Amino acid sequence: MTGAALGIPLWGLISVVAIPVFAGQMPEWNAEGMRARLPALVAWVLYGALFGLIYQAFNDLARTRWGPEAKASVPVPSLLTHVVILGGGFAGMKTAQCLEEEFQKNISVHITLVSETNALLFTPMLAEVAGSSLEPSHISTPLRSSLHRTEFVRGRVEGIDLEKRCVLLEGMNSSDGTSEPRQISYDQLVLALGSVPNYLGMPNVERRAFNFKSLLDAIRIRNHIIEMFELADRESDASRRTPLLTFVIAGGGFAGVELAGALNDFAHGILADYPNLNRDEVRVVLVHAGDRILPELSESLGRYAQAKMEERGVQFRLNARVRDAHPGIVVLQDEEIRSETLVWTAGTTPSTVIKALNVEKDKRGAVKVDANLSVCARPGLWALGDCAAVTDAKSGRPCPPTAQFALREAATLASNLAAHLAGQPLKGFHFDSMGALCVIGHQTACAELTVPFSRTRALRFSGLFAWLMWRGIYLSKLPGLERKIRVLFDWTVELFFPRDIVQTIDLK
Amino acid sequence: MHGSHDLPKSQPTSNPETFLWIEPCAAVLVSGVCLMLGHTQLATTPADSFIFGALLGLLFWWGFGNRANSPGAGLIWGLGFAALVWLLIPAGLLPLVTGTQRSMSTLSSARSHFPELVAYLVLLGMPVGLTLGIFGGFRSGAVKREFHWGRAIVVGGFAGTLSGLVFSRWMYEGEFYPLLAGLPQLNSRSEMVGFHFLVALLIGASFGLLFQTDVRGLGSSMGWGLGFSIFCWFFGPLTLFPLLSGAGVDWSADQGTALFGSLVGHIIYGLILGVIYAAIDRAWLKLFIQSDPLNREPEGTGVNVLRSLSWGALAGLAGGVAAGPVLLATGALAKLAGFGNGFPGLKGLVIHLTVSALIGMMYGLLFRNEGSSLSVGVPWGCVFGLIWWYVGPMTLVPLLLTGVADWSANAASALLPSIIGHLLYGAATATVFLLLEHRYERWLLLDPKNSLREQRRMRPVGTPAPALWFFALAMGVLLPILLG
């Protein structure tokens, strides 16, 4: 029947159009001309039906005689290149995606991504999770769903043997208590392990402070705040309520400022549910070593942010550093703040695996890479993102450890890795920052956007417009349509309903 | 169907041996008796008609009996078989056997065979197809898909009524009800409206009952709507309504020409019904079946839809370029640009390519789940092109230019040459769309989720889709030639 059906368009194409044209005549473009070719239509249909019938008959005959057609076997390449990416953050995930695009159907290259978590965390929205505006899982994208041909291995990297070219993963605890480490060999290794908090050698701070790097950190902070409110609500002594309701954030960069703004909104927003507590008792204190917050932005925007946050009740300790932390006390160099809560955003350092690696590093401890993002004097080793010291190939300036740069580095690295395997020339990394955005509180943000083709000029925005810009840009950057819809829904709900104070994990 | 619930599942069936001998007997008996009833249309004696019908019934059972595994599939296979028999016997075998010139060498002789076409479709294809399809539904071993009676009747009935409403809005003003053509004069306007909706409801419910398991998405649903509506025209205005009125059946080509407007009306109604049915059916599936995590598809919508739209636009542009010369030569392009019959110039070309890209986007959206190979995609593309001949130059263009849709046989006759351009457009669009899709998805098939989607896109062995392509294309092209 398919043959008979296809006979009809073939009649049009060949009998009505092609044959007259090849005969040097114009096709007869009228009803009479077409009706005159009716017998040809019948002939084409019958020809198609007969062709289909004979084809099917021979097909059936062949199947009866020789059995069903053997499935084409997948060719197994004799030489397999194993590319292993360590880290499932922006840098690692984007590298895997770009490598998939580069190698497509080339199965001689096997890609493996190793990550401690099974999802990519969209860090720009992490403060909103801590502030209870967004559901935690809505800002994370599963790595397994986003990658098509990359093998995903969840695990913590224990060490890297550069000589034997293998990666050692920590063992996973099984039900019988055994734990067997796993070893993964590689031909090409991409280091995208990101960074960990740097407590500057203060063990008490490390023990008592909350990190603000992962989804679990944000959930812990949110639950801890609620816990503090619950304890304060049943505490009759006002002086003992003070440390419970004072929240100290160390670090006045993007992470610290956004978190301070979000926690300030959250803490004041849930007061309605705690009638025994007074608004004046709630304090959010931001401690920063510099003389102004947000050093990544221009001074005017930094001052604007500080003024706006002070209006909303956030207190600042500038030119101050956290020196120590004890139960109920955060110690600065010339002051003690009575607080049960300290969140550390004041510094990062490359992961411990990088520290143990025998490669050239900068003073921050990041792996030094050349302009092509390959590690100096280590063939087959590449690094990018927060754990790498990347220098712009054009300007010669060091690249900041931000997601914006990590994503562009990933594209260059994947392209260079593919070119390296193909024996083609590599290209240097170059990227001009597009600007930065920071939310500082309810419907208020700061934005500094670089003017295209001009490295020095920037457009500055603040207030509601900048906040709308922040939401629009980051919502579009959030991976996955489903996540976008969920976040949009969360934001809409937040407009009409108070923030949730249900505790979701046991802090004990 | 998309969901995993639609993957082949075994259902409790009767003993396979039970119907082994009943099926050929039933096919022989049904087709013999039915064709005997129409012996006058075949210009033979009742006995000859019975023997002839019995032989054809046996042939159908032998060739397509195994594929008729549901009443809907049986009906479509039956109609395709009947149309093929009509083309084969008067044109090929009969002149060969009898040595007469009674063939389709001229239009008038082809028109003289028109009653036989109706007889084969209504008295052979429909009854024997439905009969074997009903038996096929009980047959074990055949690939079965889950069938939901409630969903079929409710969705089909609602879609039919809604299509009747959409369809009647612009028919109502002109007091022209194509679905009721052939009926005797009803006493009042309210009776006419009521009967119009009754017919629409019945067609819709029948559509759901017959084709629930075959319809996969909006595209294939339009194809099934096209085929079913053409059949309904043969069965309703040409056969049943005259019988109900007691006027006697007139299957002549002249009567067909007189009811040609009703044929186009049926086709437009069928397309609307197909789209609405598929839309409601998809919504039902999403809400009540695929919302269950056990049935959910691993890949979501969103990005796929956007990609299909962009590929569809590119494919439509390529289709527009391929069909452009034909449409230009036939004057259809100039008419579209509002230039009479002259050369349309750059403006006409731009309009043509823009419309081509938009229609291509529609193709991408409607047919993205229908086929993964050229042997499946090109026939669907041709059906899509044919649909657009009925929707575009026959309906929308005159409606937009003059405010009136001219569905007369004369209008169809004038537009006949452009049908080739539309078929070419559909085939080229489908080909380019598939090439773009393959280029992108080739390596993505390494992802198990994508390879699962590819598997779901393949119709099972025995699908009535080829019969539908043939029936819809053959009737959609032949009827304007014969009756115009």
# chains A, B, ... in the order shown; residues from 1 in each chain; ligands from 1

$ residues_around --residues "B:Trp251" --least-positions-apart "4" --cutoff "7 Å" --atoms "only C-alpha atoms" --output "JSON, numbers by chain"
{"B": [115, 118, 238, 255]}

$ write_last_selection --atoms "N, CA and C atoms" --output "PDB file, in the first residue's frame"
ATOM      1  N   PRO B 115     -19.690   4.590 -10.025  1.00  0.00           N
ATOM      2  CA  PRO B 115     -20.569   3.797  -9.152  1.00  0.00           C
ATOM      3  C   PRO B 115     -19.872   2.563  -8.591  1.00  0.00           C
ATOM      4  N   VAL B 118     -17.874   3.528  -5.532  1.00  0.00           N
ATOM      5  CA  VAL B 118     -18.688   3.653  -4.319  1.00  0.00           C
ATOM      6  C   VAL B 118     -19.080   2.265  -3.819  1.00  0.00           C
ATOM      7  N   LEU B 238     -23.852  10.083  -0.055  1.00  0.00           N
ATOM      8  CA  LEU B 238     -24.039   9.320  -1.297  1.00  0.00           C
ATOM      9  C   LEU B 238     -24.866   8.066  -1.097  1.00  0.00           C
ATOM     10  N   GLN B 255     -24.040  12.652  -9.695  1.00  0.00           N
ATOM     11  CA  GLN B 255     -24.467  12.906  -8.315  1.00  0.00           C
ATOM     12  C   GLN B 255     -23.249  13.268  -7.453  1.00  0.00           C
TER      13      GLN B 255
END

$ select_by_dssp --residues "stretch 347-453 of chain A" --states "strand (DSSP E)" --output "mmCIF file with N, CA, C and O atoms, in the first residue's frame"
data_model
loop_
_atom_site.group_PDB
_atom_site.id
_atom_site.type_symbol
_atom_site.label_atom_id
_atom_site.label_comp_id
_atom_site.auth_asym_id
_atom_site.auth_seq_id
_atom_site.Cartn_x
_atom_site.Cartn_y
_atom_site.Cartn_z
ATOM 1 N N THR A 348 37.708 31.343 49.960
ATOM 2 C CA THR A 348 37.694 29.978 49.441
ATOM 3 C C THR A 348 39.105 29.578 49.047
ATOM 4 O O THR A 348 39.967 30.436 48.833
ATOM 5 N N THR A 349 39.281 28.291 48.907
ATOM 6 C CA THR A 349 40.569 27.764 48.476
ATOM 7 C C THR A 349 40.290 26.496 47.648
ATOM 8 O O THR A 349 39.261 25.850 47.868
ATOM 9 N N PRO A 350 41.156 26.172 46.723
ATOM 10 C CA PRO A 350 40.921 24.947 45.943
ATOM 11 C C PRO A 350 40.842 23.717 46.856
ATOM 12 O O PRO A 350 41.367 23.720 47.966
ATOM 13 N N VAL A 367 45.584 25.428 40.450
ATOM 14 C CA VAL A 367 46.487 24.813 39.473
ATOM 15 C C VAL A 367 46.785 25.812 38.355
ATOM 16 O O VAL A 367 45.867 26.379 37.761
ATOM 17 N N LYS A 368 48.070 25.986 38.071
ATOM 18 C CA LYS A 368 48.441 26.917 36.996
ATOM 19 C C LYS A 368 48.231 26.235 35.646
ATOM 20 O O LYS A 368 48.692 25.107 35.443
ATOM 21 N N LEU A 381 46.537 16.587 31.082
ATOM 22 C CA LEU A 381 45.893 17.126 32.285
ATOM 23 C C LEU A 381 45.411 18.549 31.992
ATOM 24 O O LEU A 381 46.182 19.387 31.507
ATOM 25 N N TRP A 382 44.153 18.790 32.300
ATOM 26 C CA TRP A 382 43.533 20.091 32.027
ATOM 27 C C TRP A 382 42.870 20.590 33.309
ATOM 28 O O TRP A 382 42.481 19.787 34.154
ATOM 29 N N ALA A 383 42.722 21.886 33.429
ATOM 30 C CA ALA A 383 42.042 22.415 34.624
ATOM 31 C C ALA A 383 41.299 23.697 34.271
ATOM 32 O O ALA A 383 41.698 24.431 33.361
ATOM 33 N N ALA A 388 41.448 26.395 39.155
ATOM 34 C CA ALA A 388 42.527 26.675 38.207
ATOM 35 C C ALA A 388 42.886 28.159 38.229
ATOM 36 O O ALA A 388 42.031 29.008 38.455
ATOM 37 N N ALA A 389 44.169 28.428 38.001
ATOM 38 C CA ALA A 389 44.615 29.820 37.861
ATOM 39 C C ALA A 389 44.709 30.100 36.369
ATOM 40 O O ALA A 389 45.693 29.744 35.723
ATOM 41 N N GLY A 435 29.568 41.480 33.048
ATOM 42 C CA GLY A 435 29.049 42.284 34.150
ATOM 43 C C GLY A 435 28.654 41.411 35.313
ATOM 44 O O GLY A 435 28.951 40.217 35.337
ATOM 45 N N ALA A 436 27.996 42.028 36.295
ATOM 46 C CA ALA A 436 27.620 41.272 37.491
ATOM 47 C C ALA A 436 26.316 41.821 38.047
ATOM 48 O O ALA A 436 25.988 43.000 37.864
ATOM 49 N N LEU A 437 25.568 40.936 38.725
ATOM 50 C CA LEU A 437 24.290 41.335 39.338
ATOM 51 C C LEU A 437 24.241 40.783 40.762
ATOM 52 O O LEU A 437 24.761 39.704 41.024
ATOM 53 N N CYS A 438 23.607 41.540 41.659
ATOM 54 C CA CYS A 438 23.547 41.094 43.056
ATOM 55 C C CYS A 438 22.237 41.576 43.686
ATOM 56 O O CYS A 438 21.908 42.760 43.630
ATOM 57 N N VAL A 439 21.499 40.637 44.286
ATOM 58 C CA VAL A 439 20.259 41.012 44.982
ATOM 59 C C VAL A 439 20.608 41.396 46.407
ATOM 60 O O VAL A 439 21.359 40.679 47.075
ATOM 61 N N ILE A 440 20.064 42.495 46.888
ATOM 62 C CA ILE A 440 20.435 42.928 48.236
ATOM 63 C C ILE A 440 19.247 42.925 49.197
ATOM 64 O O ILE A 440 19.404 43.209 50.366
ATOM 65 N N GLY A 441 18.066 42.600 48.674
ATOM 66 C CA GLY A 441 16.900 42.546 49.549
ATOM 67 C C GLY A 441 15.638 42.504 48.703
ATOM 68 O O GLY A 441 15.714 42.344 47.477
ATOM 69 N N THR A 444 15.055 44.528 45.351
ATOM 70 C CA THR A 444 16.128 45.510 45.183
ATOM 71 C C THR A 444 17.414 44.775 44.792
ATOM 72 O O THR A 444 17.738 43.761 45.412
ATOM 73 N N ALA A 445 18.101 45.309 43.804
ATOM 74 C CA ALA A 445 19.354 44.676 43.374
ATOM 75 C C ALA A 445 20.290 45.724 42.795
ATOM 76 O O ALA A 445 19.910 46.887 42.590
ATOM 77 N N CYS A 446 21.529 45.309 42.568
ATOM 78 C CA CYS A 446 22.519 46.150 41.894
ATOM 79 C C CYS A 446 22.979 45.404 40.652
ATOM 80 O O CYS A 446 23.163 44.185 40.697
ATOM 81 N N ALA A 447 23.175 46.116 39.566
ATOM 82 C CA ALA A 447 23.635 45.466 38.343
ATOM 83 C C ALA A 447 24.650 46.353 37.663
ATOM 84 O O ALA A 447 24.474 47.577 37.597
ATOM 85 N N GLU A 448 25.718 45.749 37.190
ATOM 86 C CA GLU A 448 26.727 46.486 36.442
ATOM 87 C C GLU A 448 27.029 45.685 35.188
ATOM 88 O O GLU A 448 27.600 44.587 35.285
ATOM 89 N N LEU A 449 26.611 46.182 34.053
ATOM 90 C CA LEU A 449 26.753 45.440 32.817
ATOM 91 C C LEU A 449 27.771 46.120 31.907
ATOM 92 O O LEU A 449 27.706 47.337 31.694
ATOM 93 N N THR A 450 28.692 45.314 31.381
ATOM 94 C CA THR A 450 29.732 45.855 30.499
ATOM 95 C C THR A 450 29.114 46.253 29.166
ATOM 96 O O THR A 450 28.305 45.506 28.604
#

$ closest_residue --among "A:Val353, A:Gly24, A:His110, A:Val16" --to "A:Leu38" --atoms "only C-alpha atoms"
A:Val16

$ residues_around --residues "B:Ser163" --least-positions-apart "2" --cutoff "7 Å" --atoms "only C-alpha atoms" --output "VMD selection string"
chain B and resid 159 to 161 165 to 167 269 272 to 273

$ atom_distance --atom1 "atom CA of A:Ala466" --atom2 "atom CA of A:Ala255"
17.3 Å

$ residues_around --residues "stretch 140-142 of chain A" --least-positions-apart "5" --cutoff "8 Å" --atoms "only C-alpha atoms" --output "PyMOL selection string"
chain A and resi 118-122+479-480+483

$ closest_residue --among "B:Gly484, B:Phe470, B:Phe52, B:Val199" --to "B:Gly80" --atoms "only C-alpha atoms"
B:Phe470

$ interface_residues --of "chain A" --to "chain B" --cutoff "7 Å" --atoms "only C-alpha atoms" --output "list in words"
Met1, Thr2, Ala4, Ala5, Leu6, Ile8, Pro9, Gly12, Trp29, Asn30, Ala31, Met34, Arg35, Pro39, Val42, Leu46, Gln104, Lys105, His148, Arg149 and Leu481 of chain A

$ atom_distance --atom1 "atom CA of A:Ala40" --atom2 "atom CA of A:Gly7"
10.0 Å

$ residues_around --residues "A:Ala406" --least-positions-apart "5" --cutoff "7 Å" --atoms "only C-alpha atoms" --output "PyMOL selection string"
chain A and resi 90-91+384-385

$ residues_around --residues "A:Pro181" --least-positions-apart "3" --cutoff "8 Å" --atoms "only C-alpha atoms" --output "list in words"
Leu168, Leu169, Glu170, Gly171 and Met172 of chain A

$ residues_around --residues "A:Leu277" --least-positions-apart "6" --cutoff "9 Å" --atoms "only C-alpha atoms" --output "short mmCIF file (atom, residue, chain, number, x, y, z; two decimals) with N, CA and C atoms, in the first residue's frame"
data_model
loop_
_atom_site.label_atom_id
_atom_site.label_comp_id
_atom_site.auth_asym_id
_atom_site.auth_seq_id
_atom_site.Cartn_x
_atom_site.Cartn_y
_atom_site.Cartn_z
N PHE A 229 14.64 30.73 66.16
CA PHE A 229 13.39 31.42 66.45
C PHE A 229 12.54 30.61 67.43
N ALA A 232 14.18 30.94 70.84
CA ALA A 232 14.00 32.30 71.37
C ALA A 232 12.55 32.52 71.81
N ASP A 233 11.63 31.91 71.12
CA ASP A 233 10.21 32.12 71.43
C ASP A 233 9.85 31.62 72.82
N ARG A 241 17.93 35.85 74.78
CA ARG A 241 17.36 35.77 73.42
C ARG A 241 18.29 36.43 72.40
N LEU A 271 8.57 36.72 61.67
CA LEU A 271 8.29 37.22 63.03
C LEU A 271 6.80 37.13 63.38
#

$ atom_distance --atom1 "atom CA of A:Gly67" --atom2 "atom CA of B:Gly136"
26.5 Å

$ closest_residue --among "B:Leu386, B:Leu56, B:Cys34, B:Leu202" --to "B:Met475" --atoms "only C-alpha atoms"
B:Leu386
